[in-house]
$ cat structure_1.txt   # compact mmCIF, C-alpha atoms
# COMPACT_ATOMS: atom_id res chain seq x y z
CA MET A 490 -28.79 -5.18 -3.67
CA THR A 491 -29.36 -2.20 -5.99
CA ASP A 492 -28.51 -1.88 -9.71
CA THR A 493 -25.15 -0.46 -8.68
CA THR A 494 -22.03 -2.00 -10.20
CA THR A 495 -19.64 -2.98 -7.42
CA THR A 496 -15.90 -3.48 -7.97
CA LEU A 497 -13.69 -4.85 -5.20
CA VAL A 498 -9.98 -4.07 -5.58
CA THR A 499 -7.94 -6.67 -3.69
CA ALA A 500 -4.25 -7.61 -3.69
CA ILE A 501 -1.84 -10.52 -3.39
CA GLY A 502 0.22 -8.69 -0.76
CA GLU A 503 0.25 -5.57 1.37
CA GLY A 504 1.66 -2.32 0.01
CA ALA A 505 0.54 -3.26 -3.52
CA GLY A 506 -0.91 0.15 -4.36
CA LYS A 507 -4.56 -0.79 -3.75
CA THR A 508 -5.59 2.60 -2.37
CA ALA A 509 -4.19 4.66 -5.24
CA ILE A 510 -5.64 2.19 -7.77
CA THR A 511 -9.10 2.02 -6.13
CA VAL A 512 -9.47 5.79 -5.81
CA ALA A 513 -7.99 6.43 -9.29
CA LEU A 514 -10.45 3.96 -10.86
CA ALA A 515 -13.32 5.70 -9.08
CA ARG A 516 -12.07 9.04 -10.38
CA LEU A 517 -11.77 7.67 -13.93
CA ALA A 518 -15.34 6.31 -13.67
CA ALA A 519 -16.52 9.72 -12.42
CA ASP A 520 -14.78 11.31 -15.45
CA ARG A 521 -17.05 9.11 -17.56
CA ASP A 522 -20.09 10.77 -15.95
CA ARG A 523 -20.86 7.95 -13.55
CA SER A 524 -21.81 8.70 -9.95
CA VAL A 525 -19.35 6.83 -7.77
CA GLY A 526 -18.98 5.72 -4.17
CA TYR A 527 -16.12 4.28 -2.11
CA MET A 528 -15.97 1.84 0.78
CA LYS A 529 -13.23 0.07 2.69
CA PRO A 530 -15.12 -2.48 4.82
CA LYS A 531 -12.07 -3.37 6.94
CA GLY A 532 -9.95 -0.41 8.05
CA THR A 533 -6.37 -1.67 8.16
CA ARG A 534 -4.26 1.48 7.68
CA LEU A 535 -4.70 2.95 11.10
CA GLN A 536 -3.71 6.18 12.77
CA SER A 537 -4.99 7.82 15.87
CA ASN A 538 -7.22 10.74 15.06
CA VAL A 539 -9.03 12.76 17.73
CA GLY A 540 -9.27 9.79 20.02
CA LYS A 541 -10.55 7.48 17.27
CA THR A 542 -8.60 4.95 15.27
CA LEU A 543 -9.20 5.94 11.68
CA ASP A 544 -7.92 4.62 8.38
CA ARG A 545 -6.40 7.30 6.14
CA ASP A 546 -7.60 5.75 2.90
CA PRO A 547 -11.31 6.67 3.16
CA MET A 548 -10.27 10.23 4.06
CA LEU A 549 -8.31 10.45 0.82
CA ALA A 550 -11.20 8.94 -1.18
CA ARG A 551 -13.60 11.43 0.35
CA GLU A 552 -11.33 14.33 -0.59
CA VAL A 553 -10.56 13.21 -4.17
CA LEU A 554 -14.08 12.08 -5.06
CA GLY A 555 -15.92 14.85 -3.23
CA LEU A 556 -17.97 12.38 -1.16
CA ASP A 557 -20.02 13.38 1.87
CA ALA A 558 -20.33 9.91 3.43
CA GLU A 559 -19.33 9.56 7.09
CA MET A 560 -16.22 7.62 8.10
CA HIS A 561 -18.23 4.93 9.93
CA GLN A 562 -20.19 4.27 6.71
CA MET A 563 -17.12 4.05 4.50
CA GLU A 564 -15.24 1.93 7.04
CA PRO A 565 -17.66 -0.10 9.17
CA VAL A 566 -15.04 -2.44 10.73
CA VAL A 567 -11.81 -1.12 12.26
CA TYR A 568 -9.50 -4.09 11.80
CA SER A 569 -7.05 -3.19 14.54
CA PRO A 570 -4.78 -5.58 16.49
CA THR A 571 -7.18 -5.22 19.45
CA PHE A 572 -10.11 -6.18 17.23
CA VAL A 573 -8.26 -9.28 15.94
CA GLU A 574 -7.37 -10.39 19.49
CA GLY A 575 -11.02 -10.01 20.48
CA ALA A 576 -12.17 -11.94 17.42
CA VAL A 577 -9.85 -14.84 18.23
CA ARG A 578 -11.24 -14.89 21.79
CA GLY A 579 -14.77 -14.97 20.41
CA THR A 580 -15.93 -11.46 21.40
CA GLU A 581 -16.81 -10.43 17.81
CA ASP A 582 -19.92 -11.82 16.07
CA PRO A 583 -19.15 -12.45 12.36
CA ASP A 584 -22.85 -12.37 11.41
CA ALA A 585 -23.34 -8.97 13.08
CA LEU A 586 -20.23 -7.62 11.32
CA ARG A 587 -21.47 -8.84 7.93
CA GLU A 588 -24.84 -7.23 8.58
CA ARG A 589 -23.16 -3.94 9.51
CA ILE A 590 -21.10 -3.97 6.31
CA ARG A 591 -24.14 -4.85 4.20
CA GLU A 592 -26.27 -2.08 5.72
CA GLU A 593 -23.61 0.62 5.34
CA PHE A 594 -22.92 -0.53 1.79
CA GLU A 595 -26.57 -0.31 0.81
CA GLY A 596 -26.69 3.24 2.17
CA LEU A 597 -23.58 4.22 0.18
CA ALA A 598 -24.76 2.48 -3.01
CA ALA A 599 -28.34 3.76 -2.94
CA ASP A 600 -27.96 6.48 -5.58
CA ARG A 601 -24.64 5.49 -7.13
CA ASP A 602 -23.87 3.91 -10.52
CA HIS A 603 -20.64 2.30 -9.34
CA VAL A 604 -19.15 1.68 -5.90
CA PHE A 605 -15.44 0.89 -5.60
CA VAL A 606 -14.60 -1.24 -2.58
CA GLU A 607 -11.01 -1.43 -1.29
CA GLY A 608 -9.86 -4.71 0.22
CA GLY A 609 -7.96 -4.82 3.51
CA GLY A 610 -4.27 -5.76 3.77
CA ASP A 611 -4.08 -8.69 1.35
CA TRP A 612 -6.96 -10.82 0.06
CA THR A 613 -6.82 -13.23 3.05
CA THR A 614 -7.07 -10.49 5.73
CA GLY A 615 -10.25 -10.86 7.77
CA GLY A 616 -10.34 -14.65 7.99
CA VAL A 617 -10.73 -14.64 11.79
CA VAL A 618 -14.24 -13.18 11.36
CA ASP A 619 -15.06 -14.92 8.04
CA LEU A 620 -14.53 -11.65 6.18
CA THR A 621 -11.66 -12.27 3.76
CA ASP A 622 -11.98 -10.35 0.51
CA VAL A 623 -13.51 -13.50 -1.01
CA ASP A 624 -16.25 -13.31 1.65
CA VAL A 625 -16.70 -9.55 1.12
CA ALA A 626 -17.02 -10.02 -2.66
CA ASP A 627 -19.79 -12.59 -2.07
CA LEU A 628 -21.49 -10.39 0.53
CA LEU A 629 -21.57 -7.32 -1.75
CA ASP A 630 -22.02 -9.21 -5.04
CA ALA A 631 -18.84 -7.58 -6.38
CA ARG A 632 -16.68 -8.17 -9.41
CA VAL A 633 -13.03 -8.43 -8.34
CA VAL A 634 -9.88 -6.75 -9.66
CA LEU A 635 -6.76 -8.47 -8.29
CA VAL A 636 -3.62 -6.30 -7.96
CA ALA A 637 -0.38 -8.30 -8.14
CA ASP A 638 3.31 -7.62 -8.50
CA TYR A 639 5.62 -9.51 -10.85
CA GLY A 640 9.32 -10.13 -10.62
CA THR A 641 9.69 -13.72 -11.84
CA PRO A 642 7.34 -16.41 -13.23
CA GLY A 643 7.23 -17.94 -9.72
CA ASP A 644 5.06 -14.99 -8.64
CA LEU A 645 2.22 -16.42 -10.72
CA ASP A 646 1.68 -19.19 -8.14
CA ALA A 647 0.10 -16.65 -5.79
CA VAL A 648 -2.01 -15.18 -8.61
CA LEU A 649 -3.40 -18.62 -9.49
CA ALA A 650 -4.23 -19.40 -5.84
CA ALA A 651 -6.15 -16.12 -5.46
CA ALA A 652 -7.88 -16.56 -8.83
CA ASP A 653 -8.99 -20.02 -7.73
CA ALA A 654 -10.39 -18.60 -4.45
CA PHE A 655 -12.37 -15.81 -6.16
CA GLY A 656 -13.62 -18.06 -8.94
CA ASP A 657 -16.15 -16.49 -11.33
CA ARG A 658 -16.11 -13.17 -9.43
CA LEU A 659 -12.58 -12.43 -10.65
CA ALA A 660 -12.86 -9.90 -13.49
CA GLY A 661 -9.11 -9.92 -14.02
CA VAL A 662 -5.61 -9.12 -12.79
CA LEU A 663 -3.79 -5.77 -12.83
CA PHE A 664 -0.02 -5.93 -12.37
CA ASN A 665 1.55 -2.98 -10.54
CA LYS A 666 5.10 -1.80 -9.77
CA VAL A 667 6.65 -3.95 -12.52
CA ASP A 668 10.39 -3.26 -12.93
CA ASP A 669 11.78 -2.71 -16.44
CA ALA A 670 13.78 -5.93 -16.14
CA ALA A 671 10.63 -8.02 -15.55
CA PHE A 672 8.40 -6.45 -18.22
CA ASP A 673 9.57 -8.65 -21.10
CA SER A 674 9.05 -11.88 -19.19
CA LEU A 675 5.59 -10.78 -18.04
CA ASP A 676 4.58 -9.66 -21.52
CA ARG A 677 6.04 -12.63 -23.38
CA ASP A 678 5.24 -15.46 -20.97
CA GLY A 679 3.29 -14.39 -17.87
CA ILE A 680 0.26 -12.70 -19.43
CA PRO A 681 -0.27 -15.32 -22.19
CA PHE A 682 0.05 -18.07 -19.54
CA LEU A 683 -2.65 -16.51 -17.35
CA GLU A 684 -4.91 -15.92 -20.35
CA SER A 685 -4.45 -19.56 -21.35
CA ARG A 686 -5.83 -20.43 -17.90
CA GLY A 687 -8.89 -18.23 -18.48
CA ILE A 688 -7.63 -15.31 -16.36
CA SER A 689 -7.95 -11.84 -17.97
CA VAL A 690 -5.15 -9.31 -17.49
CA PHE A 691 -6.12 -5.62 -17.52
CA GLY A 692 -2.57 -4.35 -17.92
CA ALA A 693 0.81 -3.90 -16.24
CA LEU A 694 1.83 -0.63 -14.59
CA PRO A 695 5.54 0.22 -14.41
CA HIS A 696 7.40 0.66 -11.15
CA GLU A 697 7.24 4.37 -10.42
CA LYS A 698 9.63 5.79 -7.86
CA GLU A 699 7.25 8.62 -6.93
CA LEU A 700 4.50 6.16 -6.01
CA ALA A 701 6.57 3.36 -4.50
CA GLY A 702 8.86 5.21 -2.13
CA VAL A 703 8.50 7.79 0.59
CA THR A 704 10.61 10.92 0.65
CA VAL A 705 13.16 11.36 3.42
CA ALA A 706 11.00 14.28 4.64
CA ASP A 707 7.92 12.00 4.81
CA LEU A 708 9.92 9.34 6.64
CA ALA A 709 11.21 11.86 9.21
CA ASP A 710 7.71 13.19 9.69
CA GLU A 711 6.13 9.75 10.17
CA LEU A 712 8.87 8.66 12.60
CA GLY A 713 8.76 11.92 14.56
CA ALA A 714 12.54 12.01 13.99
CA GLU A 715 14.91 14.90 14.56
CA LEU A 716 16.69 15.96 11.36
CA LEU A 717 20.39 16.50 12.15
CA THR A 718 21.49 17.71 8.68
CA ASP A 719 20.55 20.73 6.55
CA GLY A 720 20.63 19.05 3.14
CA PRO A 721 17.72 18.24 0.80
CA THR A 722 15.08 15.77 2.06
CA ASP A 723 13.27 15.10 -1.22
CA ALA A 724 15.19 11.88 -2.08
CA PHE A 725 13.00 8.75 -2.30
CA VAL A 726 13.51 5.77 -0.02
CA GLU A 727 12.09 2.42 -1.13
CA ARG A 728 13.78 -0.05 1.23
CA PHE A 729 15.75 -0.15 4.43
CA LEU A 730 18.86 -1.95 5.65
CA VAL A 731 19.91 -2.61 9.22
CA GLY A 732 23.52 -1.81 10.04
CA ALA A 733 24.47 -4.35 12.68
CA MET A 734 27.74 -5.69 11.24
CA GLY A 735 31.31 -4.33 11.28
CA GLY A 736 32.39 -1.45 9.04
CA ASP A 737 34.00 -3.38 6.13
CA GLU A 738 31.21 -5.92 5.87
CA ALA A 739 28.65 -3.12 6.19
CA LEU A 740 30.22 -1.23 3.30
CA ARG A 741 30.00 -4.28 0.98
CA HIS A 742 26.37 -4.74 2.05
CA PHE A 743 25.43 -1.08 1.55
CA ARG A 744 27.15 -0.74 -1.85
CA ARG A 745 24.57 -3.11 -3.37
CA ALA A 746 21.68 -0.99 -2.08
CA ARG A 747 19.70 1.59 -3.98
CA ASP A 748 17.27 4.16 -2.60
CA ALA A 749 17.76 2.80 0.91
CA ALA A 750 17.56 4.05 4.47
CA VAL A 751 20.11 2.54 6.88
CA ILE A 752 18.99 2.01 10.47
CA THR A 753 21.76 1.73 13.03
CA GLY A 754 22.65 2.75 16.57
CA GLY A 755 23.59 6.39 17.06
CA ASP A 756 26.84 5.18 18.66
CA ARG A 757 27.97 3.05 15.66
CA ALA A 758 30.33 5.49 13.90
CA ASP A 759 31.90 2.69 11.79
CA VAL A 760 28.55 1.65 10.31
CA GLN A 761 27.47 5.27 9.82
CA THR A 762 30.66 6.06 7.90
CA ALA A 763 30.28 2.94 5.72
CA ALA A 764 26.68 3.91 4.90
CA LEU A 765 27.75 7.43 3.91
CA ASP A 766 30.28 5.95 1.46
CA ALA A 767 27.51 4.09 -0.46
CA SER A 768 25.75 6.14 -3.15
CA GLY A 769 22.50 4.15 -2.88
CA VAL A 770 21.97 5.12 0.77
CA LYS A 771 19.67 8.16 0.92
CA CYS A 772 19.44 8.62 4.68
CA LEU A 773 20.59 7.30 8.05
CA VAL A 774 18.14 6.60 10.86
CA LEU A 775 20.09 6.63 14.13
CA THR A 776 18.48 4.97 17.14
CA GLY A 777 18.88 5.13 20.89
CA GLY A 778 18.87 8.92 21.16
CA HIS A 779 22.67 9.14 20.63
CA ARG A 780 24.05 12.04 18.58
CA PRO A 781 26.68 11.09 15.99
CA SER A 782 30.14 12.68 15.96
CA GLY A 783 30.88 15.96 14.20
CA ALA A 784 33.00 14.00 11.70
CA VAL A 785 30.01 11.83 10.71
CA LEU A 786 27.72 14.86 10.34
CA GLY A 787 30.41 16.62 8.25
CA ARG A 788 30.70 13.57 5.99
CA ALA A 789 26.88 13.42 5.69
CA ALA A 790 26.77 17.07 4.64
CA GLU A 791 29.41 16.41 1.93
CA ALA A 792 27.52 13.36 0.67
CA GLY A 793 24.14 15.17 0.76
CA THR A 794 22.75 12.33 2.87
CA ALA A 795 20.15 13.16 5.51
CA VAL A 796 20.68 11.96 9.09
CA LEU A 797 17.59 11.35 11.25
CA ALA A 798 17.69 10.62 14.98
CA VAL A 799 14.98 8.77 16.93
CA ASN A 800 14.85 8.06 20.65
CA THR A 801 13.51 4.50 20.28
CA ASP A 802 15.59 1.32 20.25
CA THR A 803 16.64 -0.26 16.96
CA ALA A 804 13.96 -3.01 16.97
CA THR A 805 11.15 -0.47 17.39
CA ALA A 806 12.65 1.78 14.71
CA ILE A 807 12.84 -1.15 12.27
CA ASP A 808 9.14 -1.97 12.77
CA ARG A 809 8.15 1.64 12.31
CA VAL A 810 10.31 2.25 9.21
CA GLU A 811 9.07 -0.97 7.64
CA GLU A 812 5.48 0.12 8.20
CA VAL A 813 6.06 3.56 6.66
CA ILE A 814 8.00 2.30 3.62
CA SER A 815 5.72 -0.66 2.87
CA GLY A 816 2.72 1.68 3.04
CA GLY A 817 4.21 3.58 0.09
CA ARG A 818 4.30 7.32 -0.20
CA THR A 819 2.02 9.43 1.93
CA ARG A 820 -1.25 9.23 0.08
CA ASP A 821 -2.44 12.49 -1.38
CA VAL A 822 -4.37 13.85 -4.34
CA ARG A 823 -1.19 13.95 -6.46
CA THR A 824 -0.64 10.21 -5.95
CA VAL A 825 -4.13 9.47 -7.26
CA GLU A 826 -3.67 11.78 -10.27
CA ARG A 827 -0.40 10.05 -11.16
CA MET A 828 -1.99 6.60 -10.79
CA ALA A 829 -4.92 7.65 -13.01
CA ASP A 830 -2.38 8.69 -15.70
CA LEU A 831 -0.56 5.35 -15.40
CA LEU A 832 -3.83 3.41 -15.68
CA ALA A 833 -4.84 5.42 -18.75
CA ALA A 834 -1.47 4.74 -20.39
CA HIS A 835 -0.92 1.07 -19.45
CA ALA A 836 -4.25 -0.58 -18.68
CA ASP A 837 -7.66 -1.22 -20.25
CA VAL A 838 -9.57 1.44 -18.29
CA ASP A 839 -12.85 0.77 -20.13
CA ALA A 840 -12.77 -2.85 -18.99
CA LEU A 841 -11.76 -1.83 -15.46
CA VAL A 842 -14.54 0.73 -14.91

$ encode --input "structure_1.txt" --output "structure tokens"
Amino acid sequence: MTDTTTTLVTAIGEGAGKTAITVALARLAADRDRSVGYMKPKGTRLQSNVGKTLDRDPMLAREVLGLDAEMHQMEPVVYSPTFVEGAVRGTEDPDALRERIREEFEGLAADRDHVFVEGGGDWTTGGVVDLTDVDVADLLDARVVLVADYGTPGDLDAVLAAADAFGDRLAGVLFNKVDDAAFDSLDRDGIPFLESRGISVFGALPHEKELAGVTVADLADELGAELLTDGPTDAFVERFLVGAMGGDEALRHFRRARDAAVITGGDRADVQTAALDASGVKCLVLTGGHRPSGAVLGRAAEAGTAVLAVNTDTATAIDRVEEVISGGRTRDVRTVERMADLLAAHADVDALV
């Protein structure tokens, strides 16, 4: 290994904000006149791109950090469902994969002061080929920043388990997407508890709608949905509900929601109407290729709620919406800039970079 400092950013769960945090930390290090590199050894955020399966995250890193590394260097292992099936059947050689990652890393790190490595999925992803983030940290001799969320003290169980697995490599924990309601408990009890167990905490970033959700326009785009209304599509959606119950029950269910998309059959006028009566519902996703009635579209226009139509069945739509929303907003340069601002305001950036 070179004299390069290596930081691996890993997370307790998926959709934790690892990409924005990893790239923002690299940018903050570059602002301090350090030459930086980026790697994501296991590509988990996949899209088809000119016949190849590519992860979007290295593309964003390359754009923001002005890197000229090739995709296959930044992402040596494409951790696709097909790859995992093959690994379980024994067609992947863990030693060869480790060697590939090590070689590409050494090329990327050769003339860099600091390389930021993004973990895949959550910290346990990669176990079928002995390449969890614990294994990757050992392989690349990396210090580890663990990204975690916090809602209640029970969430610290998962932090302790990960801290135990990373051992001395764990530099500390960074909490992300913390709701206002949970901040006091984290500050008063959670952080002192972790520090009493010898675990450093770099800071706690507030829940930020712009970073957590996707806009209705983004959702429509990612689903390839037809937009049936003319209203604004810049509302943020952070969760989804499935409308499978009767109208009255649906209305009670939807009234508790905030910043939600409701997925239901295009032929379920009762559920559609109930969803449009709930202020927290930002859009309807109608499945099965059915068009809703004129009355429903009129009501949607009055409520300023977007209606999207997809041709797939409800189960497929649920999977797809879940994937888009849990991935957070479409990653772009603005996301990284906003995350860099949040880190500067709420975390110990000097200790992180």

$ closest_residue --input "structure_1.txt" --among "A:Arg677, A:Lys531, A:Arg780, A:Arg551" --to "Gly616 of chain A" --atoms "all atoms listed in the file"
A:Lys531

$ closest_residue --input "structure_1.txt" --among "A:Pro565, A:Gly702, A:Gly579, A:Gly661" --to "Leu597 of chain A" --atoms "all atoms listed in the file"
A:Pro565

$ residues_around --input "structure_1.txt" --residues "Leu635 of chain A" --least-positions-apart "3" --cutoff "8 Å" --atoms "all atoms listed in the file" --output "number ranges by chain"
A: 498-501, 659, 661-663

$ residues_around --input "structure_1.txt" --residues "segment 752-760 of chain A" --least-positions-apart "2" --cutoff "12 Å" --atoms "only C-alpha atoms" --output "mmCIF file with C-alpha atoms, in the frame of the given file"
data_model
loop_
_atom_site.group_PDB
_atom_site.id
_atom_site.type_symbol
_atom_site.label_atom_id
_atom_site.label_comp_id
_atom_site.auth_asym_id
_atom_site.auth_seq_id
_atom_site.Cartn_x
_atom_site.Cartn_y
_atom_site.Cartn_z
ATOM 1 C CA LEU A 717 20.390 16.500 12.150
ATOM 2 C CA ARG A 728 13.780 -0.050 1.230
ATOM 3 C CA PHE A 729 15.750 -0.150 4.430
ATOM 4 C CA LEU A 730 18.860 -1.950 5.650
ATOM 5 C CA VAL A 731 19.910 -2.610 9.220
ATOM 6 C CA GLY A 732 23.520 -1.810 10.040
ATOM 7 C CA ALA A 733 24.470 -4.350 12.680
ATOM 8 C CA MET A 734 27.740 -5.690 11.240
ATOM 9 C CA GLY A 735 31.310 -4.330 11.280
ATOM 10 C CA GLY A 736 32.390 -1.450 9.040
ATOM 11 C CA ASP A 737 34.000 -3.380 6.130
ATOM 12 C CA GLU A 738 31.210 -5.920 5.870
ATOM 13 C CA ALA A 739 28.650 -3.120 6.190
ATOM 14 C CA LEU A 740 30.220 -1.230 3.300
ATOM 15 C CA ARG A 741 30.000 -4.280 0.980
ATOM 16 C CA HIS A 742 26.370 -4.740 2.050
ATOM 17 C CA PHE A 743 25.430 -1.080 1.550
ATOM 18 C CA ALA A 749 17.760 2.800 0.910
ATOM 19 C CA ALA A 750 17.560 4.050 4.470
ATOM 20 C CA THR A 762 30.660 6.060 7.900
ATOM 21 C CA ALA A 763 30.280 2.940 5.720
ATOM 22 C CA ALA A 764 26.680 3.910 4.900
ATOM 23 C CA LEU A 765 27.750 7.430 3.910
ATOM 24 C CA ASP A 766 30.280 5.950 1.460
ATOM 25 C CA ALA A 767 27.510 4.090 -0.460
ATOM 26 C CA VAL A 770 21.970 5.120 0.770
ATOM 27 C CA LYS A 771 19.670 8.160 0.920
ATOM 28 C CA CYS A 772 19.440 8.620 4.680
ATOM 29 C CA LEU A 773 20.590 7.300 8.050
ATOM 30 C CA VAL A 774 18.140 6.600 10.860
ATOM 31 C CA LEU A 775 20.090 6.630 14.130
ATOM 32 C CA THR A 776 18.480 4.970 17.140
ATOM 33 C CA GLY A 777 18.880 5.130 20.890
ATOM 34 C CA GLY A 778 18.870 8.920 21.160
ATOM 35 C CA HIS A 779 22.670 9.140 20.630
ATOM 36 C CA ARG A 780 24.050 12.040 18.580
ATOM 37 C CA PRO A 781 26.680 11.090 15.990
ATOM 38 C CA SER A 782 30.140 12.680 15.960
ATOM 39 C CA GLY A 783 30.880 15.960 14.200
ATOM 40 C CA ALA A 784 33.000 14.000 11.700
ATOM 41 C CA VAL A 785 30.010 11.830 10.710
ATOM 42 C CA LEU A 786 27.720 14.860 10.340
ATOM 43 C CA ARG A 788 30.700 13.570 5.990
ATOM 44 C CA ALA A 789 26.880 13.420 5.690
ATOM 45 C CA VAL A 796 20.680 11.960 9.090
ATOM 46 C CA LEU A 797 17.590 11.350 11.250
ATOM 47 C CA ALA A 798 17.690 10.620 14.980
ATOM 48 C CA VAL A 799 14.980 8.770 16.930
ATOM 49 C CA ASN A 800 14.850 8.060 20.650
ATOM 50 C CA THR A 801 13.510 4.500 20.280
ATOM 51 C CA ASP A 802 15.590 1.320 20.250
ATOM 52 C CA THR A 803 16.640 -0.260 16.960
ATOM 53 C CA ALA A 804 13.960 -3.010 16.970
ATOM 54 C CA THR A 805 11.150 -0.470 17.390
ATOM 55 C CA ALA A 806 12.650 1.780 14.710
ATOM 56 C CA ILE A 807 12.840 -1.150 12.270
ATOM 57 C CA ASP A 808 9.140 -1.970 12.770
ATOM 58 C CA ARG A 809 8.150 1.640 12.310
ATOM 59 C CA VAL A 810 10.310 2.250 9.210
ATOM 60 C CA GLU A 811 9.070 -0.970 7.640
#

$ residues_near_point --input "structure_1.txt" --point "(-11.7, -9.3, 20.2)" --cutoff "12 Å" --atoms "all atoms listed in the file" --output "NGL selection string"
:A and (567-583 or 617-618)

$ closest_residue --input "structure_1.txt" --among "A:Ala652, A:Val636, A:Val604, A:Val667" --to "Ala550 of chain A" --atoms "all atoms listed in the file"
A:Val604
